[in-house]
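Asker: Before we start, here is the structure in question, set down as structure tokens.
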Amino acid sequence: MTGVTVRQISEKADLKKFINLTREIYKDDPNWIQPLTIERMDVLRADKNPYYEHAQVALFLAERDGKPVARISAQIDELAQKQWGPNLGHFGFFEATDEEAANAVLQAAEAWLKDKGMERMQGPWSFSANEEVGTLVEGFDTPPCIMMPHGRPQYNGWLTDHSFEKAKDMFAYSIDLRNPMPDRAMRIVKMAEKNKRVTMRPIDMKDFENELAIIMDIFNEAWSENWGYVKFTDAEAKHAAANLKPVVKAYRTYICEYDGEPVAFMLTIPDVNHKLRDLNGNLLPTGIFKLLYRMFNGKEDRCRVPLMGVRKKFQKGPLGAAMSMWMIDVSRQHVEKRGAYFGELGWILEDNDGMNSILLEIGCKVYKTYRVYEKQI
């Protein structure tokens with residue numbers, strides 16, 4: 001195969017080609033769920049996504065005979081450089097129909113980053129640790145949950161052939177919500193329940209903005225030293241809140257307090273991806289009505305925990321683990337009563353021993369592995 005050309009894009013029509021490429025790539029994959037075009041446009045447009053306020057971004061589209069065959073982003077995040085060192089460039093949104101097309105967009109992204117003085121190229125970050133991270137390397141036999149990437153088995157080989165090496169693996173855990181906590185885990189939960197200095201409460205939806213500020217403060221502290229993490233800016237927190245508010249419910253969002261100080265939280269949302277499958281990314285003309293009906297009339301049969309955090313002073317102690325398990329158990333009970341049977345918790349860094357131990361203790365299983373790669377350029 002020959003004749004691949006790569007160009008940097010910015011026009012709205014090209015953004016739609018960038019988004020719609022996955023329709024072709026995954027047309028024979030029964031586990032692929034095409035994301036909503038309107039949501040992807042919200043992520044990729046500079047006037048919509050506050051990530052662009054602290055990052056330079058280039059989007060590249062490869063074509064063969066006028067037909068899109070690969071895509072990639074290249075980005076330089078000034079906040080990531082402050083946190084993780086200078087001369088670090090990222091790539092993301094990597095998809096390709098074949099290895100020749102993959103090489104073409106990887107070379108384009110690398111050249112763009114190198115031209116701007118970058119010496120390391122790391123990804124996929126689409127765009128950051130606060131959005132979709134990594135490419136799937138294990139777990140292709142199940143569909144992705146909401147806000148999680150998918151991938152093709154060939155991508156790992158194509159990236160390593162392009163001199164990328166593994167930087168870090170991340171796990172997604174599954175849990176059968178119909179099963180009660182194991183006895184040993186419940187004994188740990190009782191530790192938090194009996195501690196008179198600890199209380200747990202659902203968030204106050206009438207005071208959503210202030211509750212979100214508490215959650216973001218805990219999250220930014222709890223994750224500040226996690227590999228690859230970049231703090232939410234105020235604008236990004238508000239943007240995330242606007243996107244999440246329609247699916248946030250008090251009965252599955254909890255805050256733990258110690259002597260009245262908020263020290264831990266957990267947010268659970270419904271996995272709406274499987275409610276989108278037959279919409280093929282389109283809300284119009286009738287998709288919006290189907291989605292609304294399914295959201296408000298159907299069971300919350302699948303759930304995901306996208307955000308969770310415990311303040312640093314509790315992270316390595318038994319009380320931190322107990323609070324985490326307590327929130328998981330209470331949330332599990334509430335969503336199970338409403339018909340939920342499946343839960344996903346992730347992503348979790350492979351070397352986050354504390355959280356990995358907690359999740360295994362409560363009966364979770366690793367069912368997907370995502371990988372971030374890096375190379376010197």
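Residue names in the structure tokens use chain letters A, B, ... in the order shown, residue numbers from 1 in each chain, and ligand numbers from 1 in the order shown.
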Please build the interface table for stretch 36-138 of chain A against stretch 228-245 of chain A with a cut-off of 10 Å, listing for each qualifying residue the nearest atom pair and the distance in Å to one decimal; count only C-alpha atoms, order rows by chain and increasing number, and write it as CSV.

Answerer:
residue,atom,partner,partner_atom,distance
A:Glu39,CA,A:Asn243,CA,9.4
A:Lys48,CA,A:His239,CA,8.9
A:Asn49,CA,A:His239,CA,7.7
A:Pro50,CA,A:Glu236,CA,5.7
A:Tyr51,CA,A:Glu236,CA,6.9
A:Glu53,CA,A:Ala235,CA,9.0
A:His54,CA,A:Thr233,CA,9.3
A:Asp77,CA,A:Val230,CA,9.3
A:Glu78,CA,A:Val230,CA,10.0
A:Leu79,CA,A:Val230,CA,6.6
A:Ala80,CA,A:Val230,CA,5.8
A:Gln81,CA,A:Val230,CA,9.4
A:Lys82,CA,A:Val230,CA,9.3
A:Gln83,CA,A:Val230,CA,7.1
A:Trp84,CA,A:Gly228,CA,7.3
A:Gln122,CA,A:Gly228,CA,10.0
A:Trp125,CA,A:Gly228,CA,9.5
A:Ser128,CA,A:Val230,CA,7.5
A:Ala129,CA,A:Tyr229,CA,5.5
A:Asn130,CA,A:Phe232,CA,7.4
A:Glu131,CA,A:Ala240,CA,9.7
A:Val133,CA,A:Gly228,CA,9.8

Asker: Could you save the residues just selected, with N, CA and C atoms, as a CSV table (one decimal), in the first residue's frame?

Answerer:
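Okay, this is what ended up in part37.csv:
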chain,number,residue,atom,x,y,z
A,39,GLU,N,-20.2,15.1,21.4
A,39,GLU,CA,-19.3,15.1,22.6
A,39,GLU,C,-17.8,15.1,22.1
A,48,LYS,N,-14.1,25.1,22.9
A,48,LYS,CA,-15.0,24.3,23.8
A,48,LYS,C,-14.2,23.7,24.9
A,49,ASN,N,-13.0,23.2,24.7
A,49,ASN,CA,-12.2,22.5,25.7
A,49,ASN,C,-11.2,23.4,26.4
A,50,PRO,N,-11.3,23.6,27.7
A,50,PRO,CA,-10.3,24.5,28.4
A,50,PRO,C,-8.9,23.9,28.4
A,51,TYR,N,-8.7,22.7,28.1
A,51,TYR,CA,-7.4,22.1,28.0
A,51,TYR,C,-6.5,23.0,27.1
A,53,GLU,N,-6.3,26.0,26.9
A,53,GLU,CA,-5.8,27.2,27.5
A,53,GLU,C,-4.4,27.1,28.0
A,54,HIS,N,-3.9,25.9,28.2
A,54,HIS,CA,-2.5,25.7,28.7
A,54,HIS,C,-1.8,24.7,27.9
A,77,ASP,N,1.7,20.4,26.7
A,77,ASP,CA,1.0,20.8,27.9
A,77,ASP,C,1.9,21.5,28.9
A,78,GLU,N,1.8,22.8,29.0
A,78,GLU,CA,2.8,23.5,29.9
A,78,GLU,C,2.6,23.1,31.4
A,79,LEU,N,1.4,22.7,31.8
A,79,LEU,CA,1.2,22.2,33.1
A,79,LEU,C,1.9,20.8,33.3
A,80,ALA,N,1.8,20.0,32.3
A,80,ALA,CA,2.5,18.7,32.4
A,80,ALA,C,4.0,18.8,32.5
A,81,GLN,N,4.5,19.8,31.7
A,81,GLN,CA,5.9,20.1,31.8
A,81,GLN,C,6.4,20.6,33.1
A,82,LYS,N,5.6,21.4,33.8
A,82,LYS,CA,5.9,21.9,35.1
A,82,LYS,C,6.0,20.7,36.1
A,83,GLN,N,5.0,19.8,35.9
A,83,GLN,CA,4.9,18.7,36.8
A,83,GLN,C,5.9,17.5,36.5
A,84,TRP,N,6.2,17.3,35.3
A,84,TRP,CA,6.9,16.1,34.9
A,84,TRP,C,8.2,16.4,34.1
A,122,GLN,N,5.3,11.0,24.5
A,122,GLN,CA,4.6,10.1,25.4
A,122,GLN,C,3.1,10.1,25.0
A,125,TRP,N,-2.3,10.2,25.3
A,125,TRP,CA,-3.0,11.0,26.2
A,125,TRP,C,-4.0,11.8,25.4
A,128,SER,N,-5.4,14.4,28.2
A,128,SER,CA,-4.6,14.4,29.4
A,128,SER,C,-5.0,13.3,30.3
A,129,ALA,N,-4.4,13.3,31.5
A,129,ALA,CA,-4.8,12.3,32.5
A,129,ALA,C,-6.2,12.5,33.0
A,130,ASN,N,-6.8,13.6,32.7
A,130,ASN,CA,-8.2,13.9,33.1
A,130,ASN,C,-9.2,13.5,32.1
A,131,GLU,N,-8.7,13.0,31.0
A,131,GLU,CA,-9.6,12.5,29.9
A,131,GLU,C,-9.3,11.1,29.6
A,133,VAL,N,-7.0,7.9,28.5
A,133,VAL,CA,-5.5,7.6,28.7
A,133,VAL,C,-5.2,6.2,28.2

Asker: Taking 5 positions as the minimum chain separation for residues in the same chain, which residues sit within 8 Å of A:Trp158 when counting only C-alpha atoms? Answer as a VMD selection string.

Answerer: chain A and resid 99 102 to 103

Asker: So which bits of stretch 245-275 of chain A end up helix (DSSP H, G or I) when you DSSP the backbone, as a list in words?

Answerer: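 Checking each residue of stretch 245-275 of chain A, the helix (DSSP H, G or I) ones are Lys245, Pro246, Val247, Ala250, Tyr251, Arg252, Asn273, His274 and Lys275 of chain A.
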
Asker: Those residues you just picked out, can you put them in a file as a compact mmCIF listing (two decimals), in the first residue's frame with N, CA and C atoms?

Answerer:
# COMPACT_ATOMS: atom_id res chain seq x y z
N LYS A 245 -22.82 16.71 35.53
CA LYS A 245 -23.97 16.99 36.39
C LYS A 245 -25.23 16.22 36.00
N PRO A 246 -25.54 16.08 34.71
CA PRO A 246 -26.77 15.34 34.35
C PRO A 246 -26.80 13.89 34.83
N VAL A 247 -25.62 13.30 35.08
CA VAL A 247 -25.60 11.89 35.49
C VAL A 247 -25.16 11.70 36.94
N ALA A 250 -27.03 11.85 44.17
CA ALA A 250 -26.53 11.84 45.54
C ALA A 250 -26.36 10.42 46.07
N TYR A 251 -27.21 9.48 45.66
CA TYR A 251 -27.14 8.13 46.22
C TYR A 251 -25.95 7.33 45.74
N ARG A 252 -25.16 7.87 44.78
CA ARG A 252 -23.94 7.20 44.37
C ARG A 252 -22.74 8.15 44.31
N ASN A 273 -22.55 4.04 27.82
CA ASN A 273 -22.05 3.62 26.51
C ASN A 273 -22.95 2.58 25.85
N HIS A 274 -23.40 1.59 26.63
CA HIS A 274 -24.20 0.54 25.99
C HIS A 274 -25.59 1.04 25.60
N LYS A 275 -25.98 2.20 26.13
CA LYS A 275 -27.24 2.81 25.71
C LYS A 275 -27.06 3.61 24.41

Asker: Mind the document's chain letters and residue numbers, and return as a ChimeraX atom specification the residues of stretch 191-320 of chain A that DSSP labels strand (DSSP E).

Answerer: /A:198-202,253-258,261-270,302-310

Asker: For stretch 306-321 of chain A, work out the shell of residues within 7 Å, counting only C-alpha atoms and skipping chain neighbours fewer than 4 positions away, then give it as a list in words.

Answerer: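 Everything that qualifies: Ala192, Ile218, Phe219, Glu221, Ala222, Val263, Ala264, Phe265, Met266, Leu267, Thr268, Met325, Leu345, Gly346 and Ile358 of chain A.
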
Asker: Kindly export the residues of the current selection with C-alpha atoms, as a short mmCIF file (atom, residue, chain, number, x, y, z; two decimals), in the first residue's frame.

Answerer:
data_model
loop_
_atom_site.label_atom_id
_atom_site.label_comp_id
_atom_site.auth_asym_id
_atom_site.auth_seq_id
_atom_site.Cartn_x
_atom_site.Cartn_y
_atom_site.Cartn_z
CA ALA A 192 -14.67 3.25 59.50
CA ILE A 218 -9.50 16.29 47.49
CA PHE A 219 -8.88 14.81 44.05
CA GLU A 221 -4.31 16.56 46.40
CA ALA A 222 -4.87 12.82 46.37
CA VAL A 263 -10.97 13.82 53.39
CA ALA A 264 -12.27 11.30 50.84
CA PHE A 265 -14.87 10.99 48.09
CA MET A 266 -16.17 8.65 45.43
CA LEU A 267 -18.22 9.42 42.34
CA THR A 268 -20.15 6.68 40.53
CA MET A 325 -14.23 0.34 51.04
CA LEU A 345 -13.29 1.00 38.68
CA GLY A 346 -10.39 2.46 36.75
CA ILE A 358 -8.17 -2.61 48.12
#

Asker: If I take atom CA of A:Ser10 and atom CA of A:Trp32, how far is one from the other in Å, to one decimal?

Answerer: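 Result for atom CA of A:Ser10 versus atom CA of A:Trp32: 26.1 Å, one decimal.
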
Asker: Name all residues at most 6 Å from stretch 360-372 of chain A (count only C-alpha atoms; drop same-chain ones fewer than 4 positions away) and give them as a PyMOL selection string.

Answerer: chain A and resi 123-124+134-139+167-175+181+185

Asker: Mind checking which residues fall within 9 Å of A:Thr5, counting only C-alpha atoms, ignoring those fewer than 6 positions away in the same chain, and posting them as a ChimeraX atom specification?

Answerer: /A:61-66,101,104

Asker: Measuring between only C-alpha atoms, which one of A:Arg120, A:Arg197, A:Arg277, A:Arg7 shows the shortest distance to A:Glu165?

Answerer: A:Arg120

Asker: In Å, with one decimal, what is the gap from atom CA of A:Ser331 to atom CA of A:Pro202?

Answerer: 9.6 Å
